[in-house]
Amino acid sequence: MFEVGGRPLREVAEALSLSLSDAKNRVQRGRRSLRQLVLDCCHLDFDRRGNGIGYEQRQCGREQC
């Protein structure tokens with residue numbers, strides 16, 4: 001709702017009956033989970049400024065890779 005849908009965090013918190021603090025925590029937890037999934041399946045290359053410039057899919061036995 002927040003990241004993909006572009007809804008304000010306060011609006012998301014109200015829609016899910018959460019405090020603003022809890023909604024922020026869930027967004028951060030989701031970002032960490034997504035980051036870990038990407039890092040588990042791909043080797044990422046970054047330039048000096050931290051911008052992504054390439055990736056290579058890792059070979060693994062998991063279905064998601």
# chains A, B, ... in the order shown; residues from 1 in each chain; ligands from 1
call {"tool": "residues_around", "arguments": {"residues": "A:Ala23", "least_positions_apart": "5", "cutoff": "10 Å", "atoms": "only C-alpha atoms", "output": "list in words"}}
result
Phe2, Leu9, Arg10, Glu11, Val12, Ala13, Glu14, Leu16, Ser17, Leu18, Gln28 and Arg29 of chain A
call {"tool": "write_last_selection", "arguments": {"atoms": "C-alpha atoms", "output": "mmCIF file, in the first residue's frame"}}
result
data_model
loop_
_atom_site.group_PDB
_atom_site.id
_atom_site.type_symbol
_atom_site.label_atom_id
_atom_site.label_comp_id
_atom_site.auth_asym_id
_atom_site.auth_seq_id
_atom_site.Cartn_x
_atom_site.Cartn_y
_atom_site.Cartn_z
ATOM 1 C CA PHE A 2 2.795 2.393 0.855
ATOM 2 C CA LEU A 9 1.916 6.058 5.580
ATOM 3 C CA ARG A 10 -0.626 7.673 7.889
ATOM 4 C CA GLU A 11 -3.433 6.509 5.566
ATOM 5 C CA VAL A 12 -2.018 2.980 5.451
ATOM 6 C CA ALA A 13 -1.823 2.871 9.240
ATOM 7 C CA GLU A 14 -5.474 3.903 9.524
ATOM 8 C CA LEU A 16 -4.848 -1.440 8.771
ATOM 9 C CA SER A 17 -5.846 -0.210 12.235
ATOM 10 C CA LEU A 18 -2.209 0.288 13.236
ATOM 11 C CA GLN A 28 11.050 -1.284 7.401
ATOM 12 C CA ARG A 29 10.686 -5.008 8.129
#
call {"tool": "atom_distance", "arguments": {"atom1": "atom CA of A:Arg35", "atom2": "atom CA of A:Ser19"}}
result
24.5 Å
call {"tool": "select_by_dssp", "arguments": {"residues": "chain A", "states": "strand (DSSP E or B)", "output": "PyMOL selection string"}}
result
chain A and resi 42-46+52-57
call {"tool": "write_last_selection", "arguments": {"atoms": "C-alpha atoms", "output": "PDB file, in the first residue's frame"}}
result
ATOM      1  CA  CYS A  42      21.600 -12.199  -6.917  1.00  0.00           C
ATOM      2  CA  HIS A  43      25.068 -10.702  -6.767  1.00  0.00           C
ATOM      3  CA  LEU A  44      24.629  -6.959  -7.152  1.00  0.00           C
ATOM      4  CA  ASP A  45      27.184  -4.481  -8.517  1.00  0.00           C
ATOM      5  CA  PHE A  46      27.179  -0.843  -7.405  1.00  0.00           C
ATOM      6  CA  GLY A  52      22.972  -0.317  -8.859  1.00  0.00           C
ATOM      7  CA  ILE A  53      24.789  -0.941 -12.135  1.00  0.00           C
ATOM      8  CA  GLY A  54      24.418  -4.666 -12.652  1.00  0.00           C
ATOM      9  CA  TYR A  55      23.546  -8.036 -11.246  1.00  0.00           C
ATOM     10  CA  GLU A  56      24.221 -11.704 -11.739  1.00  0.00           C
ATOM     11  CA  GLN A  57      21.781 -14.386 -10.655  1.00  0.00           C
TER      12      GLN A  57
END
call {"tool": "select_by_dssp", "arguments": {"residues": "chain A", "states": "alpha helix (DSSP H)", "output": "PDB file with C-alpha atoms, in the first residue's frame"}}
result
ATOM      1  CA  LEU A   9       1.916   6.058   5.580  1.00  0.00           C
ATOM      2  CA  ARG A  10      -0.626   7.673   7.889  1.00  0.00           C
ATOM      3  CA  GLU A  11      -3.433   6.509   5.566  1.00  0.00           C
ATOM      4  CA  VAL A  12      -2.018   2.980   5.451  1.00  0.00           C
ATOM      5  CA  ALA A  13      -1.823   2.871   9.240  1.00  0.00           C
ATOM      6  CA  GLU A  14      -5.474   3.903   9.524  1.00  0.00           C
ATOM      7  CA  ALA A  15      -6.603   1.372   6.900  1.00  0.00           C
ATOM      8  CA  LEU A  20       1.833   5.147  12.761  1.00  0.00           C
ATOM      9  CA  SER A  21       4.855   3.706  14.575  1.00  0.00           C
ATOM     10  CA  ASP A  22       3.714   0.117  13.908  1.00  0.00           C
ATOM     11  CA  ALA A  23       3.106   0.911  10.238  1.00  0.00           C
ATOM     12  CA  LYS A  24       6.620   2.377   9.936  1.00  0.00           C
ATOM     13  CA  ASN A  25       8.078  -0.727  11.568  1.00  0.00           C
ATOM     14  CA  ARG A  26       6.228  -3.013   9.147  1.00  0.00           C
ATOM     15  CA  VAL A  27       7.459  -1.036   6.151  1.00  0.00           C
ATOM     16  CA  GLN A  28      11.050  -1.284   7.401  1.00  0.00           C
ATOM     17  CA  ARG A  29      10.686  -5.008   8.129  1.00  0.00           C
ATOM     18  CA  GLY A  30       9.300  -5.560   4.626  1.00  0.00           C
ATOM     19  CA  ARG A  31      12.186  -3.640   3.066  1.00  0.00           C
ATOM     20  CA  ARG A  32      14.716  -5.738   5.010  1.00  0.00           C
ATOM     21  CA  SER A  33      12.985  -8.974   3.971  1.00  0.00           C
ATOM     22  CA  LEU A  34      12.911  -7.962   0.314  1.00  0.00           C
ATOM     23  CA  ARG A  35      16.556  -6.885   0.435  1.00  0.00           C
ATOM     24  CA  GLN A  36      17.572 -10.250   1.888  1.00  0.00           C
ATOM     25  CA  LEU A  37      15.601 -12.176  -0.761  1.00  0.00           C
ATOM     26  CA  VAL A  38      17.323 -10.220  -3.532  1.00  0.00           C
ATOM     27  CA  LEU A  39      20.778 -10.636  -1.975  1.00  0.00           C
ATOM     28  CA  ASP A  40      20.208 -14.391  -1.526  1.00  0.00           C
ATOM     29  CA  CYS A  41      19.444 -14.831  -5.218  1.00  0.00           C
TER      30      CYS A  41
END
